[in-house]
Amino acid sequence: MKKIRNIFRHLINRRLTTLFVLISFTMAFSCCILVYLFVADELSFDKYNTNFAHTYRLNLQSKDKSYKNCLFPAVFTEKFTKIPGIEKYTRFQTYMGERFISIDNTTYTATSFLFADPEILDILQFEFLLGNPREALAKPLNVIINLSTAQKYFGSANPIGKIIKQDNQDFTVSAVVKDLPGQSHFTMNFLASVASYQISNNDMLTKWYMSAFNYYLLIPDAVNRKEIETQLANLFAEGNGIDKNKMEFEMYLEPLADIHLKSVGTRWDNALKGDIQVVYGLGMIALLILGIAIANYINVLTADCRRKAKETSIQRVNGASGYTIIADQVLETSVFLLSAFLLSMVLTSLMLPVVNNLSGKSLSINWSVLMPGLAVLATSIILSSIYPIVFLNSIKPAEALKNQLSIIKVKSQQKQQWLRGALVTFQLVIATMLIASTIVINNQLQLVMNAKTGFDKENTLIVYNPYTEGMNERYDLFRQKLSNLPMIQSVGVAQNAPGNSINNVSPAWLPNQNDQKADIGQITVDHDFLKTVGAKFAAGRNFDINVASDKATGMIINQSAVKALNLNDPIGKKIVVQNNVDTPNNELEVIGVIEDMQYFTLREASKPVMYYIKDWGKYEIAMKLVSGDYLATLKQIESIWKEIAPQWPFSYQFMDERISINYKSEINTAKIITGLSGISIFLSVLGILGMILFTIQQRTKEIGIRKVNGARVSEVVTMLNKDFVKWVAIAFVIATPIAYYAMNKWLENFAYKTELSWWIFALAGLLALGIALSTVSWQSWRAATKNPVEALRYE
């Protein structure tokens, strides 16, 4: 206890050193704890399922693995009985977007209305609160709801047997389950039976060209999954009439636990996605920040080497053994770091709400943090103690007590100078890397937010028109009344507007070339939709209301569709489309080509899409507004909506807001990386400050002699600064290729990516140099302006 009291007394006496160390390690430990909580949460996705290690999602991918798709036709399930080894399988439709439901004649906006076969209850884990699991999805139009949904719509009443109307169908609540954990790659508020489509849209269950379902399979470890993949690929080709010798695809069974983090490029995928590279990157950054803190401790400790050398020498003269010296140093380091660790727990608690807001998670400190936290603490103590112990053991007591400059031999001084320079360089490498990474990430974010999207997202409002009886008439009346509002420039409607998902995908091909099919997204529109959203025409023309054939047989395709169908001169070409086309031979004629309008996000390449006119699917009403009082216009639009459709909610979204929501994950990642970069830079400044203090202490007498001999302040400052310029240059050379490689790997997740220009890394180096020199110059100037007489008396 006496030793601990002495340590705390020294801590109080050396306030500046104590403050440096506590700040460094408190912030570093807090970063490690917060990143650990985030990473542990990301890596735990779907592992709450008892069968997660044996559960797989089926994917189709091109043989060169450049294309991956997870949607299949429902009829494909008939082939599964031919494959031995699959214990269970289920179809699962995971569209989690907005739908309209009615309960007791009251209409609500709801999300995550999913469909699945009963087997899903055996494959994935649902905790039933009410109802029988074996009967919950046994009948068409049965629906399971989660507890939050039950409480929201039915309060404390028993919801079993209640009717929920969706898409003009009456679904009966058959069970209530506990809300899924946050670590699920999908959200579920409603889960209805796939058999419901027998009543509402039987083609969905019987046509090979209607791909709308994921397949989840339960496969024991003993089964050869490669064989299953091969058999599934052959059966899929058979069902689609594709010659096995001309198959350009293969099947891939994706482990359930990989869906969240490792399916970034999967097309037509509604899963809640993270990014394994971001997880690895954040973990590495946290460890590097901890390394900065350890380097700071060593630098600050050696900056106070004279006092430490005298204390150690006195102990030795009084009979202390080498073991005692080591134990005392470890104890002092332990007290420092344990104090910082306890403070970090407080800081982490204060920072958690901010981190949760950025990440969209509900992280909390619990006992699971204790073991990894103690492991980080113990490792930090060991690494922080090694060099001070070696340094102190190299000092001769007699020389230390005489307070001579020979306390540290010249050769030893050079080694220590090299080590301290290496530590500062290490800190600057990390700072430079993170500065460059922050610039790249923010550039990429600006690209995806402001890139060429193929349409005009500014001043564009989307209003949702429910898929119900009278949908077309409601739109026509709404459009007519909107024409009286002065701020409405134009109005159009589509099944799917840009910035959202596409829920209708079918094969298309040139006549007599049905062995060269391409999956094309189909979107119904009216004559004015493309004009309203500002679609950019690359060839041909828009739909014309005065040309009857445009509505009967006309189609407009995007440039990705031109490429997918290998069209050299697309205008006037006939295209066979296998779904929702009532024309001779299912053919439509291309009358125009537009630039790709971005659906989903720029992580994925643009999809081939066709637009055609039908008297259905008038779901997303687009309005181009002129500049003015948007709030007043919104109120006018809402008033018109309530007048013509009082039973339906007024649900809307601005297009630029929709685009921003799509990139919420990227925006939050950029903020987190920027925050960690700021912390690393701050801790590096502390380290540089500790190093310059040590340098000034070592060269105090030299500075005094130079001043007496006429040296100017600028010359002294330059002398003290030149080593730091050298270290920044070395750090720049090391950091640039590492940062380039890391950012290049991260950008691989995007179909459209910013350029890794030389100026990014040059700017990062200049910023690191500016930070270092501004820190060093302040202390250098103070040392250079001191009275030289005081410097000569220093030793």
# chains A, B, ... in the order shown; residues from 1 in each chain; ligands from 1

call {"tool": "residues_around", "arguments": {"residues": "Phe478 of chain A", "least_positions_apart": "6", "cutoff": "9 Å", "atoms": "only C-alpha atoms", "output": "VMD selection string"}}
result
chain A and resid 640 to 641 644 to 645

call {"tool": "residues_around", "arguments": {"residues": "segment 98-107 of chain A", "least_positions_apart": "3", "cutoff": "10 Å", "atoms": "only C-alpha atoms", "output": "count of residues only"}}
result
26

call {"tool": "select_by_dssp", "arguments": {"residues": "segment 78-308 of chain A", "states": "alpha helix (DSSP H)", "output": "PyMOL selection string"}}
result
chain A and resi 120-123+147-154+197-200+203-206+225-239+259-262+276-303+305-308

call {"tool": "atom_distance", "arguments": {"atom1": "atom CA of Ala535 of chain A", "atom2": "atom CA of Ser483 of chain A"}}
result
21.2 Å

call {"tool": "atom_distance", "arguments": {"atom1": "atom CA of Tyr652 of chain A", "atom2": "atom CA of Glu638 of chain A"}}
result
9.4 Å

call {"tool": "closest_residue", "arguments": {"among": "A:Lys664, A:His185, A:Lys726, A:Lys68", "to": "Leu445 of chain A", "atoms": "only C-alpha atoms"}}
result
A:Lys664

call {"tool": "residues_around", "arguments": {"residues": "Arg225 of chain A", "least_positions_apart": "4", "cutoff": "8 Å", "atoms": "only C-alpha atoms", "output": "PyMOL selection string"}}
result
chain A and resi 219+229+253

call {"tool": "residues_around", "arguments": {"residues": "Lys551 of chain A", "least_positions_apart": "3", "cutoff": "6 Å", "atoms": "only C-alpha atoms", "output": "list in words"}}
result
Ala548, Gly554 and Ile613 of chain A

call {"tool": "write_last_selection", "arguments": {"atoms": "N, CA and C atoms", "output": "mmCIF file, in the first residue's frame"}}
result
data_model
loop_
_atom_site.group_PDB
_atom_site.id
_atom_site.type_symbol
_atom_site.label_atom_id
_atom_site.label_comp_id
_atom_site.auth_asym_id
_atom_site.auth_seq_id
_atom_site.Cartn_x
_atom_site.Cartn_y
_atom_site.Cartn_z
ATOM 1 N N ALA A 548 -50.726 5.544 -80.492
ATOM 2 C CA ALA A 548 -51.389 4.422 -79.824
ATOM 3 C C ALA A 548 -50.468 3.219 -79.636
ATOM 4 N N GLY A 554 -44.978 -0.521 -77.208
ATOM 5 C CA GLY A 554 -43.727 0.217 -77.065
ATOM 6 C C GLY A 554 -43.005 -0.073 -75.754
ATOM 7 N N ILE A 613 -45.929 0.788 -70.730
ATOM 8 C CA ILE A 613 -47.164 1.377 -70.213
ATOM 9 C C ILE A 613 -48.205 0.284 -69.995
#

call {"tool": "select_by_dssp", "arguments": {"residues": "segment 116-179 of chain A", "states": "strand (DSSP E)", "output": "mmCIF file with all heavy atoms, in the first residue's frame"}}
result
data_model
loop_
_atom_site.group_PDB
_atom_site.id
_atom_site.type_symbol
_atom_site.label_atom_id
_atom_site.label_comp_id
_atom_site.auth_asym_id
_atom_site.auth_seq_id
_atom_site.Cartn_x
_atom_site.Cartn_y
_atom_site.Cartn_z
ATOM 1 N N ALA A 116 -43.441 -17.030 -46.503
ATOM 2 C CA ALA A 116 -42.547 -18.195 -46.416
ATOM 3 C C ALA A 116 -43.371 -19.466 -46.327
ATOM 4 O O ALA A 116 -44.563 -19.451 -45.998
ATOM 5 C CB ALA A 116 -41.625 -18.073 -45.210
ATOM 6 N N PHE A 128 -42.346 -18.586 -30.183
ATOM 7 C CA PHE A 128 -43.791 -18.405 -30.204
ATOM 8 C C PHE A 128 -44.313 -18.001 -28.825
ATOM 9 O O PHE A 128 -43.960 -18.595 -27.800
ATOM 10 C CB PHE A 128 -44.481 -19.691 -30.659
ATOM 11 C CG PHE A 128 -44.538 -19.835 -32.149
ATOM 12 C CD1 PHE A 128 -43.394 -20.154 -32.874
ATOM 13 C CD2 PHE A 128 -45.717 -19.610 -32.846
ATOM 14 C CE1 PHE A 128 -43.435 -20.265 -34.252
ATOM 15 C CE2 PHE A 128 -45.771 -19.728 -34.229
ATOM 16 C CZ PHE A 128 -44.620 -20.046 -34.938
ATOM 17 N N LEU A 129 -45.167 -16.980 -28.830
ATOM 18 C CA LEU A 129 -45.843 -16.535 -27.607
ATOM 19 C C LEU A 129 -47.296 -16.971 -27.600
ATOM 20 O O LEU A 129 -47.847 -17.289 -26.550
ATOM 21 C CB LEU A 129 -45.755 -15.003 -27.504
ATOM 22 C CG LEU A 129 -44.329 -14.409 -27.519
ATOM 23 C CD1 LEU A 129 -44.394 -12.890 -27.513
ATOM 24 C CD2 LEU A 129 -43.527 -14.917 -26.332
ATOM 25 N N LEU A 130 -47.924 -16.959 -28.779
ATOM 26 C CA LEU A 130 -49.303 -17.418 -28.935
ATOM 27 C C LEU A 130 -49.404 -18.206 -30.236
ATOM 28 O O LEU A 130 -48.738 -17.893 -31.215
ATOM 29 C CB LEU A 130 -50.284 -16.224 -28.988
ATOM 30 C CG LEU A 130 -50.421 -15.350 -27.741
ATOM 31 C CD1 LEU A 130 -51.284 -14.128 -28.050
ATOM 32 C CD2 LEU A 130 -51.030 -16.144 -26.589
ATOM 33 N N ASN A 142 -52.869 -17.406 -43.833
ATOM 34 C CA ASN A 142 -52.482 -17.350 -42.432
ATOM 35 C C ASN A 142 -51.294 -16.402 -42.309
ATOM 36 O O ASN A 142 -50.424 -16.342 -43.184
ATOM 37 C CB ASN A 142 -52.067 -18.732 -41.917
ATOM 38 C CG ASN A 142 -53.244 -19.517 -41.380
ATOM 39 O OD1 ASN A 142 -54.399 -19.097 -41.531
ATOM 40 N ND2 ASN A 142 -52.980 -20.660 -40.777
ATOM 41 N N VAL A 143 -51.245 -15.658 -41.213
ATOM 42 C CA VAL A 143 -50.127 -14.733 -41.018
ATOM 43 C C VAL A 143 -49.696 -14.750 -39.541
ATOM 44 O O VAL A 143 -50.536 -14.749 -38.634
ATOM 45 C CB VAL A 143 -50.493 -13.304 -41.461
ATOM 46 C CG1 VAL A 143 -51.633 -12.723 -40.634
ATOM 47 C CG2 VAL A 143 -49.278 -12.384 -41.406
ATOM 48 N N ILE A 144 -48.399 -14.786 -39.338
ATOM 49 C CA ILE A 144 -47.804 -14.657 -38.008
ATOM 50 C C ILE A 144 -47.385 -13.204 -37.843
ATOM 51 O O ILE A 144 -46.853 -12.589 -38.778
ATOM 52 C CB ILE A 144 -46.568 -15.576 -37.873
ATOM 53 C CG1 ILE A 144 -46.951 -17.034 -38.079
ATOM 54 C CG2 ILE A 144 -45.887 -15.394 -36.537
ATOM 55 C CD1 ILE A 144 -45.754 -17.973 -38.208
ATOM 56 N N ILE A 145 -47.592 -12.637 -36.672
ATOM 57 C CA ILE A 145 -47.124 -11.275 -36.408
ATOM 58 C C ILE A 145 -46.186 -11.307 -35.198
ATOM 59 O O ILE A 145 -46.253 -12.224 -34.376
ATOM 60 C CB ILE A 145 -48.291 -10.296 -36.165
ATOM 61 C CG1 ILE A 145 -49.123 -10.716 -34.951
ATOM 62 C CG2 ILE A 145 -49.168 -10.184 -37.407
ATOM 63 C CD1 ILE A 145 -50.230 -9.710 -34.599
ATOM 64 N N ASN A 146 -45.322 -10.315 -35.106
ATOM 65 C CA ASN A 146 -44.452 -10.267 -33.930
ATOM 66 C C ASN A 146 -45.124 -9.485 -32.806
ATOM 67 O O ASN A 146 -46.183 -8.862 -32.995
ATOM 68 C CB ASN A 146 -43.075 -9.691 -34.278
ATOM 69 C CG ASN A 146 -43.121 -8.239 -34.729
ATOM 70 O OD1 ASN A 146 -44.189 -7.622 -34.777
ATOM 71 N ND2 ASN A 146 -41.986 -7.688 -35.072
ATOM 72 N N ILE A 163 -58.385 -10.201 -38.354
ATOM 73 C CA ILE A 163 -58.212 -10.092 -39.800
ATOM 74 C C ILE A 163 -57.349 -8.868 -40.133
ATOM 75 O O ILE A 163 -57.588 -7.771 -39.634
ATOM 76 C CB ILE A 163 -59.566 -9.974 -40.514
ATOM 77 C CG1 ILE A 163 -60.428 -11.205 -40.203
ATOM 78 C CG2 ILE A 163 -59.355 -9.826 -42.023
ATOM 79 C CD1 ILE A 163 -59.821 -12.522 -40.654
ATOM 80 N N ILE A 164 -56.361 -9.085 -40.962
ATOM 81 C CA ILE A 164 -55.519 -8.003 -41.486
ATOM 82 C C ILE A 164 -55.633 -8.035 -43.007
ATOM 83 O O ILE A 164 -55.313 -9.037 -43.643
ATOM 84 C CB ILE A 164 -54.049 -8.185 -41.074
ATOM 85 C CG1 ILE A 164 -53.907 -8.141 -39.544
ATOM 86 C CG2 ILE A 164 -53.167 -7.125 -41.722
ATOM 87 C CD1 ILE A 164 -52.504 -8.438 -39.044
ATOM 88 N N LYS A 165 -56.104 -6.949 -43.597
ATOM 89 C CA LYS A 165 -56.274 -6.884 -45.050
ATOM 90 C C LYS A 165 -55.003 -6.299 -45.668
ATOM 91 O O LYS A 165 -54.512 -5.256 -45.249
ATOM 92 C CB LYS A 165 -57.483 -6.040 -45.409
ATOM 93 C CG LYS A 165 -57.742 -5.955 -46.927
ATOM 94 C CD LYS A 165 -58.897 -5.023 -47.227
ATOM 95 C CE LYS A 165 -60.222 -5.639 -46.846
ATOM 96 N NZ LYS A 165 -60.587 -6.781 -47.724
ATOM 97 N N GLN A 166 -54.478 -7.020 -46.658
ATOM 98 C CA GLN A 166 -53.300 -6.546 -47.385
ATOM 99 C C GLN A 166 -53.447 -6.966 -48.835
ATOM 100 O O GLN A 166 -53.739 -8.127 -49.130
ATOM 101 C CB GLN A 166 -52.018 -7.127 -46.765
ATOM 102 C CG GLN A 166 -50.729 -6.472 -47.224
ATOM 103 C CD GLN A 166 -50.112 -7.160 -48.426
ATOM 104 O OE1 GLN A 166 -50.264 -8.353 -48.638
ATOM 105 N NE2 GLN A 166 -49.426 -6.377 -49.233
ATOM 106 N N GLN A 169 -56.547 -8.820 -49.803
ATOM 107 C CA GLN A 169 -56.720 -10.166 -49.263
ATOM 108 C C GLN A 169 -56.845 -10.096 -47.748
ATOM 109 O O GLN A 169 -56.151 -9.309 -47.091
ATOM 110 C CB GLN A 169 -55.531 -11.062 -49.642
ATOM 111 C CG GLN A 169 -55.345 -11.266 -51.132
ATOM 112 C CD GLN A 169 -56.486 -12.057 -51.746
ATOM 113 O OE1 GLN A 169 -57.087 -12.913 -51.108
ATOM 114 N NE2 GLN A 169 -56.794 -11.776 -53.002
ATOM 115 N N ASP A 170 -57.729 -10.920 -47.205
ATOM 116 C CA ASP A 170 -57.922 -10.967 -45.759
ATOM 117 C C ASP A 170 -57.022 -12.051 -45.154
ATOM 118 O O ASP A 170 -57.235 -13.249 -45.383
ATOM 119 C CB ASP A 170 -59.391 -11.265 -45.425
ATOM 120 C CG ASP A 170 -60.302 -10.100 -45.748
ATOM 121 O OD1 ASP A 170 -59.792 -8.961 -45.833
ATOM 122 O OD2 ASP A 170 -61.512 -10.322 -45.921
ATOM 123 N N PHE A 171 -56.028 -11.633 -44.401
ATOM 124 C CA PHE A 171 -55.127 -12.559 -43.725
ATOM 125 C C PHE A 171 -55.580 -12.732 -42.274
ATOM 126 O O PHE A 171 -55.944 -11.752 -41.606
ATOM 127 C CB PHE A 171 -53.689 -12.042 -43.750
ATOM 128 C CG PHE A 171 -53.051 -12.087 -45.113
ATOM 129 C CD1 PHE A 171 -53.259 -11.063 -46.030
ATOM 130 C CD2 PHE A 171 -52.248 -13.157 -45.493
ATOM 131 C CE1 PHE A 171 -52.677 -11.096 -47.286
ATOM 132 C CE2 PHE A 171 -51.660 -13.201 -46.746
ATOM 133 C CZ PHE A 171 -51.888 -12.177 -47.645
ATOM 134 N N THR A 172 -55.545 -13.965 -41.808
ATOM 135 C CA THR A 172 -55.965 -14.279 -40.431
ATOM 136 C C THR A 172 -54.729 -14.475 -39.561
ATOM 137 O O THR A 172 -53.847 -15.280 -39.890
ATOM 138 C CB THR A 172 -56.816 -15.552 -40.396
ATOM 139 O OG1 THR A 172 -57.945 -15.372 -41.250
ATOM 140 C CG2 THR A 172 -57.275 -15.849 -38.983
ATOM 141 N N VAL A 173 -54.686 -13.761 -38.442
ATOM 142 C CA VAL A 173 -53.547 -13.898 -37.516
ATOM 143 C C VAL A 173 -53.610 -15.274 -36.866
ATOM 144 O O VAL A 173 -54.592 -15.616 -36.199
ATOM 145 C CB VAL A 173 -53.577 -12.796 -36.443
ATOM 146 C CG1 VAL A 173 -52.428 -13.000 -35.447
ATOM 147 C CG2 VAL A 173 -53.480 -11.412 -37.084
ATOM 148 N N SER A 174 -52.556 -16.057 -37.074
ATOM 149 C CA SER A 174 -52.533 -17.424 -36.554
ATOM 150 C C SER A 174 -51.581 -17.603 -35.380
ATOM 151 O O SER A 174 -51.656 -18.605 -34.665
ATOM 152 C CB SER A 174 -52.129 -18.397 -37.668
ATOM 153 O OG SER A 174 -50.857 -18.037 -38.197
ATOM 154 N N ALA A 175 -50.667 -16.640 -35.188
ATOM 155 C CA ALA A 175 -49.696 -16.783 -34.097
ATOM 156 C C ALA A 175 -49.019 -15.444 -33.836
ATOM 157 O O ALA A 175 -49.021 -14.538 -34.692
ATOM 158 C CB ALA A 175 -48.650 -17.846 -34.431
ATOM 159 N N VAL A 176 -48.451 -15.338 -32.650
ATOM 160 C CA VAL A 176 -47.641 -14.176 -32.264
ATOM 161 C C VAL A 176 -46.284 -14.697 -31.809
ATOM 162 O O VAL A 176 -46.198 -15.632 -31.009
ATOM 163 C CB VAL A 176 -48.296 -13.364 -31.128
ATOM 164 C CG1 VAL A 176 -47.395 -12.209 -30.710
ATOM 165 C CG2 VAL A 176 -49.658 -12.849 -31.560
ATOM 166 N N VAL A 177 -45.217 -14.104 -32.353
ATOM 167 C CA VAL A 177 -43.865 -14.505 -31.965
ATOM 168 C C VAL A 177 -43.137 -13.319 -31.365
ATOM 169 O O VAL A 177 -43.498 -12.158 -31.579
ATOM 170 C CB VAL A 177 -43.065 -15.048 -33.171
ATOM 171 C CG1 VAL A 177 -43.709 -16.306 -33.722
ATOM 172 C CG2 VAL A 177 -42.922 -13.990 -34.256
#

call {"tool": "residues_around", "arguments": {"residues": "segment 36-40 of chain A", "least_positions_apart": "4", "cutoff": "9 Å", "atoms": "only C-alpha atoms", "output": "CSV table (one decimal) with all heavy atoms, in the first residue's frame"}}
result
chain,number,residue,atom,x,y,z
A,31,CYS,N,-12.0,3.6,-27.3
A,31,CYS,CA,-12.1,3.2,-28.7
A,31,CYS,C,-12.2,1.7,-28.8
A,31,CYS,O,-13.0,1.2,-29.6
A,31,CYS,CB,-11.0,3.8,-29.5
A,31,CYS,SG,-11.1,5.6,-29.8
A,32,CYS,N,-11.3,1.0,-28.1
A,32,CYS,CA,-11.2,-0.4,-28.2
A,32,CYS,C,-12.5,-1.1,-27.7
A,32,CYS,O,-13.0,-2.0,-28.3
A,32,CYS,CB,-10.0,-1.0,-27.4
A,32,CYS,SG,-8.4,-0.6,-28.1
A,44,SER,N,-22.0,-11.4,-34.9
A,44,SER,CA,-23.0,-12.3,-34.2
A,44,SER,C,-24.3,-12.4,-35.0
A,44,SER,O,-25.2,-13.1,-34.6
A,44,SER,CB,-23.3,-11.8,-32.8
A,44,SER,OG,-24.1,-10.6,-32.9
A,279,VAL,N,-15.7,-4.0,-40.8
A,279,VAL,CA,-15.5,-4.6,-39.5
A,279,VAL,C,-14.0,-4.8,-39.2
A,279,VAL,O,-13.5,-4.5,-38.2
A,279,VAL,CB,-16.3,-6.0,-39.4
A,279,VAL,CG1,-15.8,-6.8,-38.2
A,279,VAL,CG2,-17.8,-5.7,-39.4
A,280,TYR,N,-13.3,-5.4,-40.2
A,280,TYR,CA,-11.9,-5.6,-40.0
A,280,TYR,C,-11.1,-4.3,-39.9
A,280,TYR,O,-10.2,-4.2,-39.1
A,280,TYR,CB,-11.3,-6.4,-41.3
A,280,TYR,CG,-11.8,-7.8,-41.3
A,280,TYR,CD1,-11.8,-8.5,-42.6
A,280,TYR,CD2,-12.2,-8.6,-40.2
A,280,TYR,CE1,-12.2,-9.8,-42.7
A,280,TYR,CE2,-12.6,-9.9,-40.3
A,280,TYR,CZ,-12.6,-10.5,-41.5
A,280,TYR,OH,-13.0,-11.8,-41.6
A,282,LEU,N,-12.2,-1.4,-38.8
A,282,LEU,CA,-12.5,-0.7,-37.5
A,282,LEU,C,-11.7,-1.4,-36.4
A,282,LEU,O,-11.1,-0.7,-35.5
A,282,LEU,CB,-14.0,-0.7,-37.1
A,282,LEU,CG,-14.9,0.2,-38.0
A,282,LEU,CD1,-16.3,0.0,-37.6
A,282,LEU,CD2,-14.4,1.7,-37.8
A,283,GLY,N,-11.6,-2.7,-36.4
A,283,GLY,CA,-10.8,-3.5,-35.4
A,283,GLY,C,-9.4,-3.1,-35.5
A,283,GLY,O,-8.7,-2.9,-34.5
A,286,ALA,N,-8.8,0.5,-34.1
A,286,ALA,CA,-8.8,0.5,-32.7
A,286,ALA,C,-7.4,0.0,-32.1
A,286,ALA,O,-6.9,0.6,-31.1
A,286,ALA,CB,-9.9,-0.4,-32.1
A,355,VAL,N,-22.7,6.5,-30.5
A,355,VAL,CA,-22.3,5.4,-31.4
A,355,VAL,C,-23.5,4.7,-31.8
A,355,VAL,O,-23.7,4.3,-33.0
A,355,VAL,CB,-21.3,4.5,-30.6
A,355,VAL,CG1,-21.1,3.2,-31.5
A,355,VAL,CG2,-20.0,5.2,-30.3
A,359,SER,N,-24.6,4.0,-35.7
A,359,SER,CA,-24.6,2.7,-36.2
A,359,SER,C,-26.0,2.1,-36.3
A,359,SER,O,-26.2,1.0,-37.0
A,359,SER,CB,-23.8,1.8,-35.3
A,359,SER,OG,-24.3,1.7,-34.0
A,361,LYS,N,-27.6,0.7,-33.9
A,361,LYS,CA,-27.6,-0.4,-33.1
A,361,LYS,C,-28.0,-0.1,-31.7
A,361,LYS,O,-28.3,1.1,-31.4
A,361,LYS,CB,-26.2,-1.1,-33.0
A,361,LYS,CG,-25.7,-1.6,-34.3
A,361,LYS,CD,-24.4,-2.3,-34.2
A,361,LYS,CE,-23.9,-2.8,-35.6
A,361,LYS,NZ,-24.8,-3.9,-36.0
A,363,LEU,N,-26.2,-1.0,-28.7
A,363,LEU,CA,-25.0,-1.6,-28.0
A,363,LEU,C,-25.1,-1.1,-26.5
A,363,LEU,O,-25.5,0.0,-26.2
A,363,LEU,CB,-23.7,-1.1,-28.6
A,363,LEU,CG,-23.5,-1.3,-30.1
A,363,LEU,CD1,-22.2,-0.7,-30.6
A,363,LEU,CD2,-23.6,-2.8,-30.4
A,364,SER,N,-24.6,-2.0,-25.6
A,364,SER,CA,-24.5,-1.6,-24.2
A,364,SER,C,-23.4,-2.4,-23.6
A,364,SER,O,-22.9,-3.4,-24.1
A,364,SER,CB,-25.9,-2.1,-23.5
A,364,SER,OG,-26.1,-3.5,-23.6
A,365,ILE,N,-22.8,-1.8,-22.5
A,365,ILE,CA,-21.7,-2.4,-21.8
A,365,ILE,C,-22.3,-3.5,-20.9
A,365,ILE,O,-23.2,-3.3,-20.1
A,365,ILE,CB,-21.0,-1.4,-20.9
A,365,ILE,CG1,-20.4,-0.3,-21.8
A,365,ILE,CG2,-19.9,-2.0,-20.1
A,365,ILE,CD1,-19.6,0.8,-21.1
A,369,VAL,N,-17.8,-7.7,-22.0
A,369,VAL,CA,-16.7,-6.8,-22.3
A,369,VAL,C,-15.6,-7.0,-21.4
A,369,VAL,O,-14.4,-6.7,-21.7
A,369,VAL,CB,-17.2,-5.3,-22.2
A,369,VAL,CG1,-16.0,-4.3,-22.4
A,369,VAL,CG2,-18.3,-5.0,-23.2
A,372,PRO,N,-12.3,-9.5,-22.7
A,372,PRO,CA,-11.5,-8.9,-23.7
A,372,PRO,C,-10.9,-7.6,-23.2
A,372,PRO,O,-9.8,-7.2,-23.6
A,372,PRO,CB,-12.5,-8.6,-24.9
A,372,PRO,CG,-13.8,-8.8,-24.4
A,372,PRO,CD,-13.7,-9.7,-23.2

call {"tool": "residues_around", "arguments": {"residues": "segment 763-771 of chain A", "least_positions_apart": "5", "cutoff": "12 Å", "atoms": "only C-alpha atoms", "output": "NGL selection string"}}
result
:A and (424-425 or 427-440 or 677-678 or 680-689 or 721-736 or 739-740 or 757-758 or 776-778)

call {"tool": "closest_residue", "arguments": {"among": "A:Val493, A:Ile462, A:Ile557, A:Val376", "to": "Ser30 of chain A", "atoms": "only C-alpha atoms"}}
result
A:Val376

call {"tool": "closest_residue", "arguments": {"among": "A:Ser24, A:Asn749, A:Thr583, A:Asn566", "to": "Val300 of chain A", "atoms": "only C-alpha atoms"}}
result
A:Ser24
